[in-house]
file query23.txt (compact mmCIF, C-alpha atoms)
# COMPACT_ATOMS: atom_id res chain seq x y z
CA MET A 1 0.00 0.00 0.00
CA SER A 2 1.37 3.41 -0.87
CA GLY A 3 1.67 4.94 2.59
CA ALA A 4 -1.40 5.01 4.77
CA ASP A 5 -3.23 7.74 2.87
CA PRO A 6 -6.60 6.21 1.93
CA ARG A 7 -7.25 8.53 -0.98
CA PRO A 8 -5.16 6.77 -3.62
CA LEU A 9 -7.00 3.57 -2.76
CA PHE A 10 -10.35 5.01 -3.73
CA GLU A 11 -9.88 3.95 -7.28
CA VAL A 12 -12.51 5.21 -9.63
CA LEU A 13 -14.53 2.33 -11.05
CA GLU A 14 -16.17 2.42 -14.43
CA PRO A 15 -19.92 1.82 -14.32
CA PRO A 16 -21.19 -1.04 -16.47
CA PRO A 17 -21.88 0.00 -20.05
CA GLY A 18 -25.37 0.64 -21.41
CA GLY A 19 -26.64 2.61 -18.43
CA LEU A 20 -28.27 5.35 -20.44
CA THR A 21 -30.03 2.86 -22.70
CA ARG A 22 -31.40 1.04 -19.66
CA LEU A 23 -32.52 4.32 -18.16
CA ARG A 24 -34.35 5.27 -21.36
CA ALA A 25 -36.11 1.91 -21.36
CA ARG A 26 -37.11 2.29 -17.70
CA ILE A 27 -38.46 5.79 -18.29
CA GLY A 28 -40.39 4.50 -21.29
CA ARG A 29 -41.95 1.80 -19.09
CA GLU A 30 -42.65 4.40 -16.43
CA ARG A 31 -44.44 6.60 -18.98
CA ARG A 32 -46.56 3.73 -20.28
CA ARG A 33 -47.45 2.73 -16.72
CA ARG A 34 -48.53 6.32 -16.00
CA VAL A 35 -50.68 6.48 -19.12
CA ARG A 36 -52.32 3.17 -18.15
CA ARG A 37 -52.93 4.43 -14.61
CA TRP A 38 -54.40 7.66 -15.95
CA SER A 39 -56.71 5.86 -18.35
CA LEU A 40 -57.90 3.57 -15.58
CA ALA A 41 -58.45 6.49 -13.22
CA MET A 42 -60.38 8.44 -15.85
CA ALA A 43 -62.55 5.43 -16.68
CA ALA A 44 -63.25 4.84 -12.99
CA ALA A 45 -64.09 8.52 -12.49
CA ALA A 46 -66.43 8.50 -15.48
CA LEU A 47 -68.17 5.39 -14.16
CA ALA A 48 -68.50 6.88 -10.70
CA LEU A 49 -69.91 10.11 -12.13
CA ALA A 50 -72.41 8.19 -14.22
CA ALA A 51 -73.46 6.12 -11.20
CA LEU A 52 -73.92 9.23 -9.08
CA THR A 53 -75.81 11.34 -11.60
CA ALA A 54 -78.00 8.66 -13.17
CA PRO A 55 -80.73 8.84 -10.45
CA LEU A 56 -80.89 12.61 -10.80
CA LEU A 57 -81.60 12.61 -14.52
CA PRO A 58 -85.26 13.14 -15.59
CA ARG A 59 -87.02 10.04 -16.77
CA GLY A 60 -88.10 9.85 -20.38
CA ASP A 61 -91.82 9.14 -19.67
CA VAL A 62 -93.43 12.36 -18.55
CA GLY A 63 -96.95 11.03 -18.77
CA PRO A 64 -99.43 9.83 -21.35
CA TRP A 65 -101.26 13.17 -21.30
CA ALA A 66 -98.57 15.05 -23.18
CA PRO A 67 -98.65 14.14 -26.83
CA GLY A 68 -95.81 15.57 -28.85
CA ALA A 69 -96.21 18.38 -31.37
CA SER A 70 -95.84 15.92 -34.17
CA ASP A 71 -98.82 13.92 -32.95
CA VAL A 72 -101.34 16.74 -32.57
CA ASP A 73 -101.59 20.08 -34.29
CA VAL A 74 -102.55 22.20 -31.28
CA LEU A 75 -103.44 25.27 -33.35
CA ALA A 76 -105.81 23.28 -35.58
CA LEU A 77 -107.39 21.80 -32.48
CA GLN A 78 -107.89 25.22 -30.97
CA VAL A 79 -109.76 26.52 -34.00
CA GLY A 80 -111.79 23.36 -34.22
CA LEU A 81 -110.25 22.03 -37.44
CA GLY A 82 -108.29 19.12 -36.13
CA GLU A 83 -109.20 15.80 -34.69
CA PRO A 84 -108.65 15.52 -30.92
CA PRO A 85 -106.25 12.78 -29.84
CA ALA A 86 -107.85 9.44 -29.23
CA GLU A 87 -106.07 8.87 -25.91
CA THR A 88 -107.71 9.73 -22.68
CA VAL A 89 -105.94 12.42 -20.71
CA SER A 90 -104.78 11.09 -17.42
CA ILE A 91 -102.11 11.84 -14.84
CA ARG A 92 -99.97 9.10 -13.46
CA PRO A 93 -100.81 8.51 -9.83
CA ASP A 94 -97.21 9.08 -8.73
CA LEU A 95 -97.21 12.49 -10.41
CA ARG A 96 -100.48 13.68 -8.96
CA ARG A 97 -98.90 15.33 -6.00
CA ARG A 98 -96.52 17.27 -8.09
CA TYR A 99 -98.73 18.46 -10.94
CA ALA A 100 -101.98 20.42 -10.93
CA VAL A 101 -104.27 19.95 -13.86
CA ARG A 102 -107.27 22.12 -14.66
CA GLU A 103 -109.61 21.88 -17.59
CA VAL A 104 -109.97 25.06 -19.65
CA PRO A 105 -113.45 25.59 -21.21
CA THR A 106 -113.45 26.10 -24.99
CA THR A 107 -116.15 27.07 -27.48
CA ASP A 108 -115.81 23.74 -29.25
CA GLU A 109 -116.91 20.78 -27.21
CA ARG A 110 -114.67 18.53 -29.26
CA VAL A 111 -111.67 20.50 -28.09
CA VAL A 112 -110.44 19.88 -24.60
CA PHE A 113 -107.65 21.91 -23.08
CA PHE A 114 -105.95 21.31 -19.77
CA MET A 115 -103.76 23.73 -17.89
CA VAL A 116 -100.98 21.82 -16.28
CA GLY A 117 -98.84 23.37 -13.59
CA SER A 118 -96.11 21.89 -11.45
CA ARG A 119 -95.43 22.62 -7.84
CA MET B 1 -37.70 28.37 -13.46
CA ARG B 2 -35.92 26.41 -16.20
CA SER B 3 -37.66 23.22 -17.19
CA PHE B 4 -36.23 19.81 -16.42
CA GLY B 5 -37.12 17.40 -19.18
CA GLU B 6 -35.73 14.24 -20.69
CA PRO B 7 -32.74 15.92 -22.41
CA GLU B 8 -31.71 17.52 -19.12
CA LEU B 9 -32.13 14.21 -17.31
CA GLU B 10 -29.98 12.40 -19.85
CA ALA B 11 -27.29 15.08 -19.73
CA LEU B 12 -27.26 14.85 -15.96
CA TYR B 13 -27.07 11.07 -16.12
CA ALA B 14 -24.10 11.25 -18.47
CA ARG B 15 -22.35 13.60 -16.06
CA LEU B 16 -23.17 11.91 -12.76
CA GLU B 17 -23.35 8.22 -13.59
CA LYS B 18 -19.71 7.51 -12.83
CA PRO B 19 -19.27 9.43 -9.55
CA LEU B 20 -22.67 8.27 -8.33
CA TYR B 21 -21.86 4.66 -9.17
CA ASN B 22 -18.61 4.94 -7.23
CA VAL B 23 -20.32 6.40 -4.17
CA LEU B 24 -23.05 3.78 -4.26
CA TYR B 25 -20.62 0.96 -4.80
CA ARG B 26 -18.83 1.91 -1.58
CA ARG B 27 -22.19 1.88 0.20
CA VAL B 28 -23.52 -1.47 -1.00
CA TRP B 29 -20.29 -3.17 -2.14
CA SER B 30 -21.91 -4.81 -5.08
CA ARG B 31 -21.50 -3.72 -8.67
CA GLU B 32 -24.91 -4.99 -9.67
CA GLU B 33 -26.68 -3.28 -6.81
CA ALA B 34 -24.77 -0.06 -7.36
CA ARG B 35 -25.83 -0.11 -10.99
CA ASP B 36 -29.47 -0.74 -10.04
CA LEU B 37 -29.38 2.04 -7.49
CA VAL B 38 -28.03 4.52 -10.03
CA GLN B 39 -30.95 3.63 -12.28
CA GLU B 40 -33.49 3.85 -9.47
CA THR B 41 -32.13 7.24 -8.48
CA PHE B 42 -32.71 8.66 -11.93
CA VAL B 43 -36.14 7.09 -12.30
CA LYS B 44 -37.10 8.68 -8.99
CA LEU B 45 -35.69 11.97 -10.20
CA TRP B 46 -37.75 11.62 -13.35
CA ARG B 47 -40.90 11.13 -11.30
CA MET B 48 -40.30 14.36 -9.43
CA ARG B 49 -39.07 16.33 -12.45
CA ARG B 50 -41.78 19.00 -12.21
CA ARG B 51 -40.54 20.04 -8.78
CA ILE B 52 -36.87 20.13 -9.68
CA VAL B 53 -34.83 23.32 -9.61
CA PRO B 54 -32.07 22.59 -12.14
CA ASP B 55 -29.50 24.66 -10.23
CA THR B 56 -29.76 22.50 -7.13
CA VAL B 57 -30.34 19.16 -8.79
CA GLU B 58 -26.92 17.67 -8.11
CA PRO B 59 -27.15 17.52 -4.32
CA LEU B 60 -30.67 16.20 -4.79
CA VAL B 61 -29.41 13.30 -6.93
CA TYR B 62 -26.96 12.25 -4.22
CA LYS B 63 -29.56 12.70 -1.52
CA ILE B 64 -31.96 10.37 -3.35
CA ALA B 65 -29.19 7.87 -4.04
CA ILE B 66 -27.96 7.75 -0.45
CA ASN B 67 -31.48 7.37 0.88
CA LEU B 68 -32.13 4.53 -1.55
CA ALA B 69 -28.88 2.83 -0.55
CA ARG B 70 -29.71 3.23 3.15
CA SER B 71 -33.14 1.74 2.81
CA ARG B 72 -31.83 -1.11 0.71
CA LEU B 73 -29.21 -1.93 3.32
CA ARG B 74 -31.80 -1.64 6.09
CA ARG B 75 -34.08 -4.03 4.24
CA LYS B 76 -31.22 -6.44 3.78
CA ARG B 77 -30.32 -6.27 7.44
CA VAL B 78 -33.88 -7.05 8.37
CA LEU B 79 -34.15 -9.93 5.95
CA ARG B 80 -30.95 -11.75 6.75
CA TRP B 81 -27.47 -11.52 8.08
CA LEU B 82 -25.55 -9.99 5.23
CA PRO B 83 -22.54 -12.15 4.45
CA LEU B 84 -19.63 -10.44 2.79
CA GLU B 85 -19.60 -11.22 -0.88
CA PRO B 86 -16.68 -13.23 -2.14
CA LEU B 87 -14.00 -10.60 -2.32
CA ALA B 88 -12.92 -11.49 -5.81
CA ALA B 89 -16.44 -10.85 -7.09
CA ALA B 90 -16.82 -7.67 -5.11
CA PHE B 91 -13.62 -6.07 -6.17
CA SER B 92 -12.71 -7.48 -9.50
CA ASP B 93 -12.94 -5.25 -12.47
CA PRO B 94 -14.66 -7.16 -15.31
CA ARG B 95 -12.07 -5.93 -17.78
CA GLY B 96 -9.19 -7.33 -15.80
CA ALA B 97 -10.89 -10.07 -13.88
CA ALA B 98 -8.41 -12.72 -14.90
CA GLU B 99 -5.40 -10.81 -13.60
CA PRO B 100 -4.09 -12.18 -10.33
CA GLU B 101 -3.77 -8.87 -8.48
CA LEU B 102 -3.44 -10.40 -5.08
CA ALA B 103 -1.63 -7.52 -3.43
CA ARG B 104 -4.07 -5.06 -4.86
CA ASP B 105 -7.01 -7.19 -3.70
CA GLU B 106 -5.55 -7.23 -0.23
CA GLU B 107 -5.35 -3.45 -0.20
CA ARG B 108 -8.90 -3.20 -1.43
CA THR B 109 -10.08 -5.61 1.23
CA ARG B 110 -8.40 -3.59 3.96
CA LEU B 111 -9.84 -0.36 2.62
CA ARG B 112 -13.25 -1.91 2.35
CA GLU B 113 -13.12 -3.09 5.92
CA ALA B 114 -11.95 0.33 7.05
CA VAL B 115 -14.78 2.05 5.15
CA LEU B 116 -17.30 -0.43 6.55
CA ALA B 117 -16.04 0.29 10.05
CA LEU B 118 -16.82 3.98 9.69
CA PRO B 119 -20.06 5.24 11.20
CA GLU B 120 -22.64 5.98 8.51
CA ASP B 121 -22.50 9.75 8.90
CA LEU B 122 -18.73 9.84 8.39
CA ARG B 123 -18.86 7.34 5.56
CA ASP B 124 -21.38 9.35 3.53
CA VAL B 125 -19.39 12.55 3.92
CA VAL B 126 -16.08 11.03 2.92
CA LEU B 127 -17.56 9.21 -0.08
CA LEU B 128 -19.36 12.28 -1.36
CA CYS B 129 -16.26 14.44 -0.88
CA GLU B 130 -14.05 11.90 -2.64
CA PHE B 131 -16.23 11.09 -5.62
CA SER B 132 -18.96 13.60 -6.27
CA GLY B 133 -16.82 16.62 -7.01
CA MET B 134 -19.39 18.73 -5.18
CA SER B 135 -18.51 21.66 -2.97
CA TYR B 136 -18.86 21.39 0.83
CA ARG B 137 -22.02 23.47 0.52
CA GLN B 138 -23.53 20.98 -1.94
CA VAL B 139 -22.47 17.98 0.12
CA ALA B 140 -24.06 19.64 3.13
CA GLU B 141 -27.26 20.11 1.14
CA ALA B 142 -27.26 16.50 -0.04
CA LEU B 143 -26.85 15.17 3.50
CA ALA B 144 -28.96 17.83 5.22
CA ILE B 145 -26.19 18.82 7.59
CA PRO B 146 -24.49 22.17 8.27
CA GLU B 147 -21.71 23.11 5.88
CA GLY B 148 -19.15 23.32 8.68
CA THR B 149 -19.93 19.75 9.70
CA VAL B 150 -18.88 18.45 6.29
CA GLY B 151 -15.27 19.49 6.76
CA SER B 152 -15.01 18.20 10.30
CA ARG B 153 -16.61 14.86 9.47
CA ARG B 154 -14.42 14.46 6.43
CA ASN B 155 -11.30 15.04 8.51
CA ARG B 156 -12.46 12.63 11.17
CA ALA B 157 -13.30 10.01 8.59
CA LEU B 158 -9.95 10.29 6.83
CA LYS B 159 -8.11 10.17 10.12
CA ARG B 160 -9.94 7.01 11.12
CA LEU B 161 -9.35 5.41 7.75
CA ARG B 162 -5.63 6.17 7.93
CA LYS B 163 -5.42 4.79 11.43
CA ASP B 164 -7.26 1.59 10.49
CA LEU B 165 -5.12 1.08 7.44
CA GLU B 166 -1.91 1.63 9.36
CA ARG B 167 -2.98 -0.89 11.94
CA SER B 168 -3.81 -3.60 9.42

call {"tool": "encode", "arguments": {"input": "query23.txt", "output": "structure tokens"}}
result
Amino acid sequence: MSGADPRPLFEVLEPPPGGLTRLRARIGRERRRRVRRWSLAMAAAALALAALTAPLLPRGDVGPWAPGASDVDVLALQVGLGEPPAETVSIRPDLRRRYAVREVPTTDERVVFFMVGSR
Amino acid sequence: MRSFGEPELEALYARLEKPLYNVLYRRVWSREEARDLVQETFVKLWRMRRRIVPDTVEPLVYKIAINLARSRLRRKRVLRWLPLEPLAAAFSDPRGAAEPELARDEERTRLREAVLALPEDLRDVVLLCEFSGMSYRQVAEALAIPEGTVGSRRNRALKRLRKDLERS
């Protein structure tokens, strides 16, 4: 040993070759893992949001008493030129508490109008 | 703040791979583990790249590396009694592995034992001072100790190493 000075003994070792290539590969894997994690998190969040908001969305069936504009020409009905709809006007029992319906008198007995209001 | 992206990471890797490998090798005494730890250090650095201040990244690299080495050694200690690796494997340079450098191996063994005998706080300081090329201020930052402590610990460590090597 050259004297007792430890410094010369700390020989500088060469790291194994290919370190940068390995690092690039590891970072690539890391990136792909992150993208996968993100996609999974986003999908889970979307599912959770859908599950939470689904009960709050209005239901499609608002009642048999509300025929669409394509089914009945309201103006023609009002002036007595159209045929009234064949269905009977009724309110679903579960909606009765929430909606008020009142018949409006018209000059034509074939024409029946209802005022519908919600509370 | 300057950004720290992949080109900066690669440039830093090219600059620090060798000194970092040398520091880590003297912590874990295994070429393979030192290589893995260098890689892990940079992957960890990559994960925290958005929070990196490029001007102070060097001490951070060593801080990460030393913490990784410490936890790896702690894990090992918990798992099993760590036997010393066969010295030939631990110290041989792959390029000159066939050369019978017995005297040199003996010196290395003595130095290794002397380094292993150092308390951890002295060991980290002396290794960083010897290999990293960082200033005392940067070494202090990497080890989260006062700057003045770096010099005193380094002197103590070198003194102990000299004493141990003289004795053997």

call {"tool": "closest_residue", "arguments": {"input": "query23.txt", "among": "B:Leu127, B:Val57, B:Met48, B:Ile145", "to": "chain A", "atoms": "all atoms listed in the file"}}
result
B:Leu127

call {"tool": "interface_residues", "arguments": {"input": "query23.txt", "of": "chain B", "to": "chain A", "cutoff": "6 Å", "atoms": "all atoms listed in the file", "output": "PyMOL selection string"}}
result
chain B and resi 18+162+166

call {"tool": "atom_distance", "arguments": {"input": "query23.txt", "atom1": "CA of Ser132 in chain B", "atom2": "CA of Ile64 in chain B"}}
result
13.7 Å

call {"tool": "closest_residue", "arguments": {"input": "query23.txt", "among": "B:Arg51, B:Arg77, B:Arg72, B:Arg137", "to": "Ala34 in chain B", "atoms": "only C-alpha atoms"}}
result
B:Arg72

call {"tool": "atom_distance", "arguments": {"input": "query23.txt", "atom1": "CA of Pro7 in chain B", "atom2": "CA of Ala144 in chain B"}}
result
28.0 Å

call {"tool": "closest_residue", "arguments": {"input": "query23.txt", "among": "B:Val38, B:Ala157, B:Ser71, B:Leu118", "to": "Ala14 in chain B", "atoms": "all atoms listed in the file"}}
result
B:Val38

call {"tool": "atom_distance", "arguments": {"input": "query23.txt", "atom1": "CA of Glu113 in chain B", "atom2": "CA of Arg26 in chain B"}}
result
10.7 Å

call {"tool": "residues_near_point", "arguments": {"input": "query23.txt", "point": "(-20.1, 1.0, -0.7)", "cutoff": "10 Å", "atoms": "only C-alpha atoms", "output": "PDB file with C-alpha atoms, in the frame of the given file"}}
result
ATOM      1  CA  TYR B  21     -21.860   4.660  -9.170  1.00  0.00           C
ATOM      2  CA  ASN B  22     -18.610   4.940  -7.230  1.00  0.00           C
ATOM      3  CA  VAL B  23     -20.320   6.400  -4.170  1.00  0.00           C
ATOM      4  CA  LEU B  24     -23.050   3.780  -4.260  1.00  0.00           C
ATOM      5  CA  TYR B  25     -20.620   0.960  -4.800  1.00  0.00           C
ATOM      6  CA  ARG B  26     -18.830   1.910  -1.580  1.00  0.00           C
ATOM      7  CA  ARG B  27     -22.190   1.880   0.200  1.00  0.00           C
ATOM      8  CA  VAL B  28     -23.520  -1.470  -1.000  1.00  0.00           C
ATOM      9  CA  TRP B  29     -20.290  -3.170  -2.140  1.00  0.00           C
ATOM     10  CA  SER B  30     -21.910  -4.810  -5.080  1.00  0.00           C
ATOM     11  CA  ARG B  31     -21.500  -3.720  -8.670  1.00  0.00           C
ATOM     12  CA  GLU B  33     -26.680  -3.280  -6.810  1.00  0.00           C
ATOM     13  CA  ALA B  34     -24.770  -0.060  -7.360  1.00  0.00           C
ATOM     14  CA  ALA B  69     -28.880   2.830  -0.550  1.00  0.00           C
ATOM     15  CA  ARG B 112     -13.250  -1.910   2.350  1.00  0.00           C
ATOM     16  CA  VAL B 115     -14.780   2.050   5.150  1.00  0.00           C
ATOM     17  CA  LEU B 116     -17.300  -0.430   6.550  1.00  0.00           C
ATOM     18  CA  ARG B 123     -18.860   7.340   5.560  1.00  0.00           C
ATOM     19  CA  ASP B 124     -21.380   9.350   3.530  1.00  0.00           C
ATOM     20  CA  LEU B 127     -17.560   9.210  -0.080  1.00  0.00           C
TER      21      LEU B 127
END

call {"tool": "residues_around", "arguments": {"input": "query23.txt", "residues": "Glu58 in chain B", "least_positions_apart": "5", "cutoff": "9 Å", "atoms": "all atoms listed in the file", "output": "list in words"}}
result
Leu12, Leu16, Lys63, Met134, Gln138 and Ala142 of chain B

call {"tool": "residues_around", "arguments": {"input": "query23.txt", "residues": "Glu8 in chain B", "least_positions_apart": "5", "cutoff": "9 Å", "atoms": "all atoms listed in the file", "output": "list in words"}}
result
Ser3, Tyr13 and Pro54 of chain B

call {"tool": "residues_near_point", "arguments": {"input": "query23.txt", "point": "(-34.8, 22.1, -11.9)", "cutoff": "9 Å", "atoms": "all atoms listed in the file", "output": "MDAnalysis selection string"}}
result
chainID B and resid 1:5 49:57
